[in-house]
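Coordinates from work.cif are shown below (mmCIF, C-alpha atoms).
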```
data_upload
loop_
_atom_site.label_atom_id
_atom_site.label_comp_id
_atom_site.auth_asym_id
_atom_site.auth_seq_id
_atom_site.Cartn_x
_atom_site.Cartn_y
_atom_site.Cartn_z
CA MET A 28 -43.88 13.88 25.22
CA TYR A 29 -47.51 13.20 26.14
CA ILE A 30 -47.24 9.53 25.18
CA THR A 31 -44.01 9.24 27.17
CA ALA A 32 -45.67 10.90 30.18
CA VAL A 33 -48.70 8.58 30.10
CA LEU A 34 -46.70 5.38 29.50
CA GLY A 35 -43.96 6.26 32.01
CA ASN A 36 -46.32 7.20 34.82
CA SER A 37 -48.63 4.24 34.10
CA MET A 38 -45.66 1.87 34.26
CA LEU A 39 -44.57 3.49 37.52
CA ILE A 40 -48.04 2.97 39.02
CA VAL A 41 -48.19 -0.68 37.89
CA VAL A 42 -44.71 -1.43 39.26
CA ILE A 43 -45.53 0.15 42.63
CA ILE A 44 -48.78 -1.82 42.86
CA THR A 45 -47.32 -5.19 41.82
CA GLU A 46 -43.96 -5.09 43.64
CA ARG A 47 -44.47 -5.85 47.33
CA ASN A 48 -41.16 -4.31 48.38
CA LEU A 49 -42.47 -0.94 47.07
CA HIS A 50 -45.51 -1.00 49.36
CA GLU A 51 -44.15 1.81 51.52
CA PRO A 52 -45.44 5.36 52.22
CA MET A 53 -42.77 6.94 50.01
CA TYR A 54 -43.84 4.94 46.96
CA PHE A 55 -47.54 5.40 47.76
CA PHE A 56 -47.04 9.17 47.55
CA LEU A 57 -45.02 8.63 44.37
CA SER A 58 -47.92 6.70 42.84
CA MET A 59 -50.23 9.60 43.78
CA LEU A 60 -47.82 11.95 42.01
CA ALA A 61 -47.88 9.72 38.92
CA VAL A 62 -51.70 9.67 38.86
CA THR A 63 -51.75 13.47 39.18
CA ASP A 64 -49.26 13.83 36.32
CA VAL A 65 -51.36 11.60 34.05
CA LEU A 66 -54.53 13.54 34.86
CA LEU A 67 -52.83 16.94 34.42
CA SER A 68 -51.44 16.15 30.98
CA THR A 69 -54.58 14.26 29.87
CA THR A 70 -56.79 17.19 30.87
CA THR A 71 -54.96 19.55 28.51
CA VAL A 72 -52.82 17.88 25.85
CA PRO A 73 -55.48 15.90 23.88
CA LYS A 74 -57.54 19.07 23.37
CA ALA A 75 -54.44 20.99 22.28
CA LEU A 76 -53.57 18.23 19.80
CA GLY A 77 -57.16 18.34 18.55
CA ILE A 78 -56.73 22.05 17.86
CA PHE A 79 -53.45 21.58 15.99
CA TRP A 80 -54.28 18.41 14.07
CA LEU A 81 -58.06 18.44 13.57
CA HIS A 82 -58.75 22.21 13.82
CA ALA A 83 -61.21 21.42 16.64
CA HIS A 84 -61.28 24.95 18.02
CA ASP A 85 -64.68 24.72 19.74
CA ILE A 86 -65.30 23.72 23.34
CA ALA A 87 -68.55 23.86 25.30
CA PHE A 88 -68.62 26.28 28.22
CA ASP A 89 -69.27 23.50 30.77
CA ALA A 90 -66.41 21.46 29.31
CA CYS A 91 -64.19 24.54 29.54
CA VAL A 92 -65.09 25.08 33.21
CA THR A 93 -64.45 21.38 33.86
CA GLN A 94 -61.01 21.72 32.27
CA VAL A 95 -60.30 24.78 34.43
CA PHE A 96 -61.27 22.83 37.55
CA PHE A 97 -59.08 19.81 36.83
CA VAL A 98 -56.05 21.82 35.68
CA HIS A 99 -56.00 23.85 38.90
CA VAL A 100 -56.90 20.91 41.17
CA MET A 101 -54.00 18.89 39.74
CA PHE A 102 -51.62 21.83 40.23
CA VAL A 103 -52.59 22.39 43.89
CA GLY A 104 -52.74 18.63 44.51
CA GLU A 105 -49.28 17.99 43.08
CA SER A 106 -47.84 20.70 45.32
CA ALA A 107 -49.41 19.05 48.37
CA ILE A 108 -48.10 15.61 47.30
CA LEU A 109 -44.57 17.01 47.05
CA LEU A 110 -44.98 18.39 50.57
CA ALA A 111 -46.11 14.97 51.81
CA MET A 112 -43.07 13.36 50.15
CA ALA A 113 -40.80 15.92 51.82
CA PHE A 114 -42.36 15.06 55.19
CA ASP A 115 -41.79 11.36 54.45
CA ARG A 116 -38.09 12.00 53.76
CA PHE A 117 -37.83 14.20 56.86
CA VAL A 118 -39.12 11.43 59.12
CA ALA A 119 -37.04 8.75 57.36
CA ILE A 120 -33.76 10.66 57.77
CA CYS A 121 -34.24 12.75 60.91
CA ALA A 122 -36.18 10.16 62.95
CA PRO A 123 -35.54 6.78 61.28
CA LEU A 124 -36.31 4.74 64.42
CA HIS A 125 -39.80 6.29 64.58
CA TYR A 126 -40.57 6.03 60.85
CA THR A 127 -42.84 2.99 61.07
CA THR A 128 -44.69 4.38 64.09
CA VAL A 129 -45.19 7.89 62.67
CA LEU A 130 -46.07 7.04 59.06
CA THR A 131 -48.48 4.18 59.61
CA TRP A 132 -50.92 3.31 56.83
CA PRO A 133 -53.86 4.99 58.62
CA VAL A 134 -51.78 8.18 58.87
CA VAL A 135 -50.78 7.92 55.21
CA GLY A 136 -54.43 7.43 54.27
CA ARG A 137 -55.44 10.54 56.22
CA ILE A 138 -52.66 12.53 54.53
CA ALA A 139 -53.89 11.38 51.11
CA LEU A 140 -57.48 12.29 52.02
CA ALA A 141 -56.34 15.71 53.25
CA ILE A 142 -54.49 16.32 49.95
CA VAL A 143 -57.58 15.51 47.88
CA THR A 144 -59.94 17.47 50.16
CA ARG A 145 -57.73 20.56 50.27
CA SER A 146 -57.27 20.63 46.50
CA PHE A 147 -61.01 20.23 45.91
CA CYS A 148 -62.04 22.86 48.46
CA ILE A 149 -59.56 25.46 47.18
CA ILE A 150 -60.54 25.17 43.52
CA PHE A 151 -64.26 24.33 43.77
CA PRO A 152 -65.31 28.01 44.29
CA VAL A 153 -63.69 28.82 40.92
CA ILE A 154 -66.60 27.02 39.20
CA PHE A 155 -69.13 29.41 40.74
CA LEU A 156 -66.90 32.44 40.14
CA LEU A 157 -66.92 31.61 36.43
CA LYS A 158 -70.56 30.52 36.24
CA ARG A 159 -71.79 33.84 37.66
CA LEU A 160 -70.10 35.89 34.92
CA PRO A 161 -72.02 37.13 31.85
CA PHE A 162 -70.22 36.57 28.54
CA CYS A 163 -71.45 38.99 25.90
CA ARG A 164 -68.27 39.85 24.00
CA THR A 165 -65.82 37.58 22.21
CA ASN A 166 -65.79 33.89 23.08
CA ILE A 167 -62.29 33.25 21.74
CA ILE A 168 -59.79 32.09 24.36
CA PRO A 169 -56.22 33.05 23.41
CA HIS A 170 -54.88 29.73 24.65
CA SER A 171 -54.83 26.03 23.79
CA TYR A 172 -56.71 25.11 26.99
CA CYS A 173 -59.02 26.83 29.47
CA GLU A 174 -57.59 28.39 32.61
CA HIS A 175 -59.39 30.49 35.20
CA ILE A 176 -58.20 34.04 34.57
CA GLY A 177 -58.05 33.56 30.80
CA VAL A 178 -61.75 32.58 30.73
CA ALA A 179 -62.76 35.27 33.24
CA ARG A 180 -61.20 38.02 31.09
CA LEU A 181 -63.73 37.23 28.36
CA ALA A 182 -66.61 38.36 30.61
CA CYS A 183 -68.34 41.73 30.26
CA ALA A 184 -68.44 42.27 34.03
CA ASP A 185 -66.15 43.08 36.93
CA ILE A 186 -63.77 40.17 37.53
CA THR A 187 -61.93 41.61 40.55
CA VAL A 188 -63.08 38.74 42.76
CA ASN A 189 -61.88 36.21 40.18
CA ILE A 190 -58.47 37.86 39.94
CA TRP A 191 -57.99 38.14 43.68
CA TYR A 192 -59.19 34.61 44.41
CA GLY A 193 -57.49 33.07 41.38
CA PHE A 194 -54.09 34.52 42.22
CA SER A 195 -54.16 34.79 46.02
CA VAL A 196 -55.73 31.64 47.48
CA PRO A 197 -54.05 28.90 45.37
CA ILE A 198 -50.73 30.76 45.26
CA VAL A 199 -50.71 31.36 49.02
CA MET A 200 -51.30 27.65 49.59
CA VAL A 201 -48.57 26.66 47.14
CA ILE A 202 -46.12 29.17 48.65
CA LEU A 203 -46.93 27.72 52.08
CA ASP A 204 -46.10 24.27 50.67
CA VAL A 205 -42.80 25.60 49.31
CA ILE A 206 -41.89 27.12 52.69
CA LEU A 207 -42.66 23.87 54.53
CA ILE A 208 -40.68 21.85 51.95
CA ALA A 209 -37.74 24.23 52.37
CA VAL A 210 -37.90 23.88 56.16
CA SER A 211 -38.06 20.08 55.85
CA TYR A 212 -35.00 19.93 53.61
CA SER A 213 -33.02 22.37 55.73
CA LEU A 214 -33.59 20.06 58.70
CA ILE A 215 -32.78 17.04 56.53
CA LEU A 216 -29.49 18.58 55.36
CA ARG A 217 -28.55 19.52 58.91
CA ALA A 218 -29.19 15.94 60.04
CA VAL A 219 -27.31 14.49 57.05
CA PHE A 220 -24.16 16.54 57.66
CA HIS A 221 -24.14 15.43 61.28
CA LEU A 222 -23.96 11.76 60.27
CA PRO A 223 -20.67 10.15 61.30
CA SER A 224 -19.68 8.40 58.06
CA GLN A 225 -19.42 9.66 54.49
CA ASP A 226 -21.20 6.56 53.18
CA ALA A 227 -24.21 7.28 55.39
CA ARG A 228 -24.29 10.89 54.20
CA HIS A 229 -24.07 9.82 50.57
CA LYS A 230 -26.86 7.25 50.99
CA ALA A 231 -29.13 9.76 52.73
CA LEU A 232 -28.57 12.42 50.08
CA SER A 233 -29.12 9.95 47.24
CA THR A 234 -32.57 9.08 48.59
CA CYS A 235 -33.52 12.76 48.45
CA GLY A 236 -31.87 13.58 45.11
CA SER A 237 -34.73 12.40 42.90
CA HIS A 238 -37.30 14.19 45.06
CA LEU A 239 -35.35 17.46 44.86
CA CYS A 240 -35.15 17.15 41.06
CA VAL A 241 -38.92 16.65 40.84
CA ILE A 242 -39.53 19.61 43.18
CA LEU A 243 -37.40 21.89 40.99
CA MET A 244 -39.03 20.64 37.78
CA PHE A 245 -42.48 21.40 39.22
CA TYR A 246 -42.01 24.73 40.99
CA VAL A 247 -39.50 26.56 38.79
CA PRO A 248 -41.57 26.37 35.54
CA SER A 249 -44.86 26.97 37.38
CA PHE A 250 -43.68 30.11 39.17
CA PHE A 251 -41.92 31.35 36.04
CA THR A 252 -45.12 30.84 34.02
CA LEU A 253 -47.21 32.53 36.70
CA LEU A 254 -44.91 35.53 37.03
CA THR A 255 -44.60 36.06 33.28
CA HIS A 256 -48.38 35.74 32.92
CA ARG A 257 -48.97 38.26 35.72
CA PHE A 258 -46.17 40.79 35.14
CA GLY A 259 -44.59 40.02 31.77
CA ARG A 260 -46.78 42.30 29.68
CA ASN A 261 -44.01 42.81 27.11
CA ILE A 262 -43.60 39.07 26.52
CA PRO A 263 -45.38 37.92 23.32
CA ARG A 264 -48.57 35.93 23.82
CA HIS A 265 -47.26 32.89 21.96
CA VAL A 266 -44.42 32.64 24.51
CA HIS A 267 -46.96 32.49 27.35
CA ILE A 268 -48.90 29.77 25.53
CA LEU A 269 -45.77 27.75 24.73
CA LEU A 270 -44.56 27.89 28.35
CA ALA A 271 -47.98 26.90 29.68
CA ASN A 272 -48.18 23.91 27.33
CA LEU A 273 -44.66 22.77 28.15
CA TYR A 274 -45.43 23.06 31.85
CA VAL A 275 -48.31 20.55 31.67
CA VAL A 276 -46.33 17.96 29.69
CA VAL A 277 -42.59 18.24 30.48
CA PRO A 278 -42.63 17.59 34.27
CA PRO A 279 -45.08 14.66 33.90
CA MET A 280 -42.78 13.23 31.22
CA LEU A 281 -39.58 13.65 33.24
CA ASN A 282 -40.80 12.61 36.71
CA PRO A 283 -40.93 8.82 36.07
CA ILE A 284 -37.61 9.03 34.22
CA VAL A 285 -35.93 10.81 37.15
CA TYR A 286 -37.29 8.34 39.70
CA GLY A 287 -36.47 5.39 37.45
CA VAL A 288 -32.87 6.53 37.04
CA LYS A 289 -32.17 7.63 40.62
CA THR A 290 -34.16 5.12 42.70
CA LYS A 291 -32.62 1.65 42.86
CA GLN A 292 -35.80 -0.05 44.13
CA ILE A 293 -37.83 1.27 41.19
CA ARG A 294 -35.14 0.24 38.68
CA GLU A 295 -35.17 -3.26 40.14
CA GLY A 296 -38.99 -3.29 40.15
CA VAL A 297 -39.16 -2.27 36.48
CA ALA A 298 -36.54 -4.89 35.55
CA HIS A 299 -38.45 -7.56 37.49
CA TRP A 300 -41.71 -6.50 35.84
CA PHE A 301 -40.21 -6.75 32.35
CA PHE A 302 -38.64 -10.11 33.23
CA ASP A 303 -42.06 -11.42 34.30
CA ILE A 304 -43.64 -10.18 31.06
CA LYS A 305 -40.87 -11.78 28.99
CA ALA A 306 -41.21 -15.07 30.87
CA TRP A 307 -44.99 -15.03 30.38
CA CYS A 308 -44.69 -14.28 26.66
CA CYS A 309 -42.06 -16.97 26.10
CA ALA A 310 -43.75 -19.64 28.19
CA SER A 311 -44.98 -22.65 26.28
CA PRO A 312 -48.74 -23.20 26.29
CA LEU A 313 -48.07 -26.80 27.30
CA GLY A 314 -45.55 -25.87 29.99
#
```

As structure tokens, how would this structure be written, given the file I've shared?
Amino acid sequence: MYITAVLGNSMLIVVIITERNLHEPMYFFLSMLAVTDVLLSTTTVPKALGIFWLHAHDIAFDACVTQVFFVHVMFVGESAILLAMAFDRFVAICAPLHYTTVLTWPVVGRIALAIVTRSFCIIFPVIFLLKRLPFCRTNIIPHSYCEHIGVARLACADITVNIWYGFSVPIVMVILDVILIAVSYSLILRAVFHLPSQDARHKALSTCGSHLCVILMFYVPSFFTLLTHRFGRNIPRHVHILLANLYVVVPPMLNPIVYGVKTKQIREGVAHWFFDIKAWCCASPLG
């Protein structure tokens, strides 16, 4: 699944970069999503495989904190990217005549910068919240990768600030993203069902279908994992670990597949890319 995630998202990025007809805001945000998926799975899965295959159970504290930072930054960043994609679809369907004037490349660049800045600023304090803690008991993390609250619970000090910040600030921001996405799609659906022809409604809904699938694949497992980790005290620990590991590899694996299957432009771009590779490989050196 990890190999599929890396190859699929890398191919998606290459196709979006090389195909000029995909140089649009929607596909720019999609390439950001693909980069985030690669980083999220690469931050966690290789270490987990090292544990299972090579019995490499040790990790330096600084490396552990770095892993915590990137795991949470990718989570918050991916949520913001999905919100940006929902805004893109809202403008494209509800105000199509103003699409090119609203989502100009400078505006898209500022949105991308805001996504990166927000994710960094929300998670950066976690580094100092962990660094300030004294660790004088066990140093065994009951997980295959480091995450904020799991590491904080190893400390022999009060971790109330870690718990409140770790659960409240990122979750509030993600819930805000979910609310705004829901508002965007409610307005999109209202606009779609007011379209005069059935063909126009079908075309508009098909452009949003892949995005809705990706939204569900991201938020449903993440909230389920969060709620079971916070309130599911009767759920065995290995179930928590299994869900957390599937969460960082299954959505990144499925996202490029969903977009490849449901988006005609990407299917054509992939086919054109493979055709170019085949033509290059079969070309005669003297030709």

For stretch 174-183 of chain A, find every residue with an atom within 8 Å (counting all atoms listed in the file), except residues of its own chain fewer than 3 positions away, and show them as a tab-separated table (two decimals) with C-alpha atoms, in the frame of the given file.
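Once everything was written out, this is part35.tsv:
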```tsv
chain	number	residue	atom	x	y	z
A	94	GLN	CA	-61.01	21.72	32.27
A	95	VAL	CA	-60.30	24.78	34.43
A	98	VAL	CA	-56.05	21.82	35.68
A	99	HIS	CA	-56.00	23.85	38.90
A	153	VAL	CA	-63.69	28.82	40.92
A	157	LEU	CA	-66.92	31.61	36.43
A	160	LEU	CA	-70.10	35.89	34.92
A	161	PRO	CA	-72.02	37.13	31.85
A	162	PHE	CA	-70.22	36.57	28.54
A	163	CYS	CA	-71.45	38.99	25.90
A	164	ARG	CA	-68.27	39.85	24.00
A	165	THR	CA	-65.82	37.58	22.21
A	166	ASN	CA	-65.79	33.89	23.08
A	167	ILE	CA	-62.29	33.25	21.74
A	168	ILE	CA	-59.79	32.09	24.36
A	169	PRO	CA	-56.22	33.05	23.41
A	170	HIS	CA	-54.88	29.73	24.65
A	186	ILE	CA	-63.77	40.17	37.53
A	189	ASN	CA	-61.88	36.21	40.18
A	190	ILE	CA	-58.47	37.86	39.94
A	193	GLY	CA	-57.49	33.07	41.38
```

Atom-to-atom span, atom CA of A:Cys91 and atom CA of A:Ile262, Å | 25.4 Å

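Atom CA of A:Thr290 lies 17.0 Å from atom CA of A:Met244.
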
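Using all atoms listed in the file, the smallest distance between any of A:Trp132, A:Phe102, A:Trp80, A:Phe88 and A:Phe56 comes from A:Trp132.
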
In Å and to one decimal, atom CA of A:Phe245 is distant from atom CA of A:Ala111 by 14.6 Å

Could you list the residues chosen by the PyMOL selection byres ((chain A and resi 293) around 10) in this structure as a PyMOL selection string?
-> chain A and resi 39+42-43+46+48-49+54+283+286-292+294-299

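Using only C-alpha atoms, the shortest contact distance between A:Thr144 and any of A:Ile242, A:Ala61, A:Val100, A:Ile120 is found at A:Val100.
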
Hits from the PyMOL selection byres ((chain A and resi 145) around 12), listed as a VMD selection string | chain A and resid 99 to 108 137 to 144 146 to 151 196 to 197 200 to 201

Would you kindly return, as a PyMOL selection string, each protein, DNA or RNA residue with an atom no farther than 9 Å from any atom of stretch 276-278 of chain A, considering all atoms listed in the file and excluding same-chain residues fewer than 6 positions away?
-> chain A and resi 28-29+32+64+67-68+71-72+241+244-245+248

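Near (-60.1, 18.2, 24.3), the residues inside the 10 Å limit, counting all atoms listed in the file, come to Thr69, Thr70, Thr71, Val72, Pro73, Lys74, Ala75, Leu76, Gly77, Ile78, Ala83, His84, Asp85, Ile86, Ala90, Cys91, Gln94, Ser171 and Tyr172 of chain A.
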
For A:Val118, please output as a ChimeraX atom specification all residues within 12 Å (counting only C-alpha atoms; exclusion window: fewer than 3 positions along the same chain).
-> /A:52-53,111-115,121-131,211-212,214-215,218,231

Which residue gives the smallest distance to A:Leu281 among A:Val188, A:Val65, A:Leu81, A:Val41, with all atoms listed in the file counted?
-> A:Val65

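For the residues A:Gln225, A:Asn282, A:Asn36, A:Thr31, ranking by smallest atom-to-atom distance to A:Leu239 using only C-alpha atoms places A:Asn282 first.
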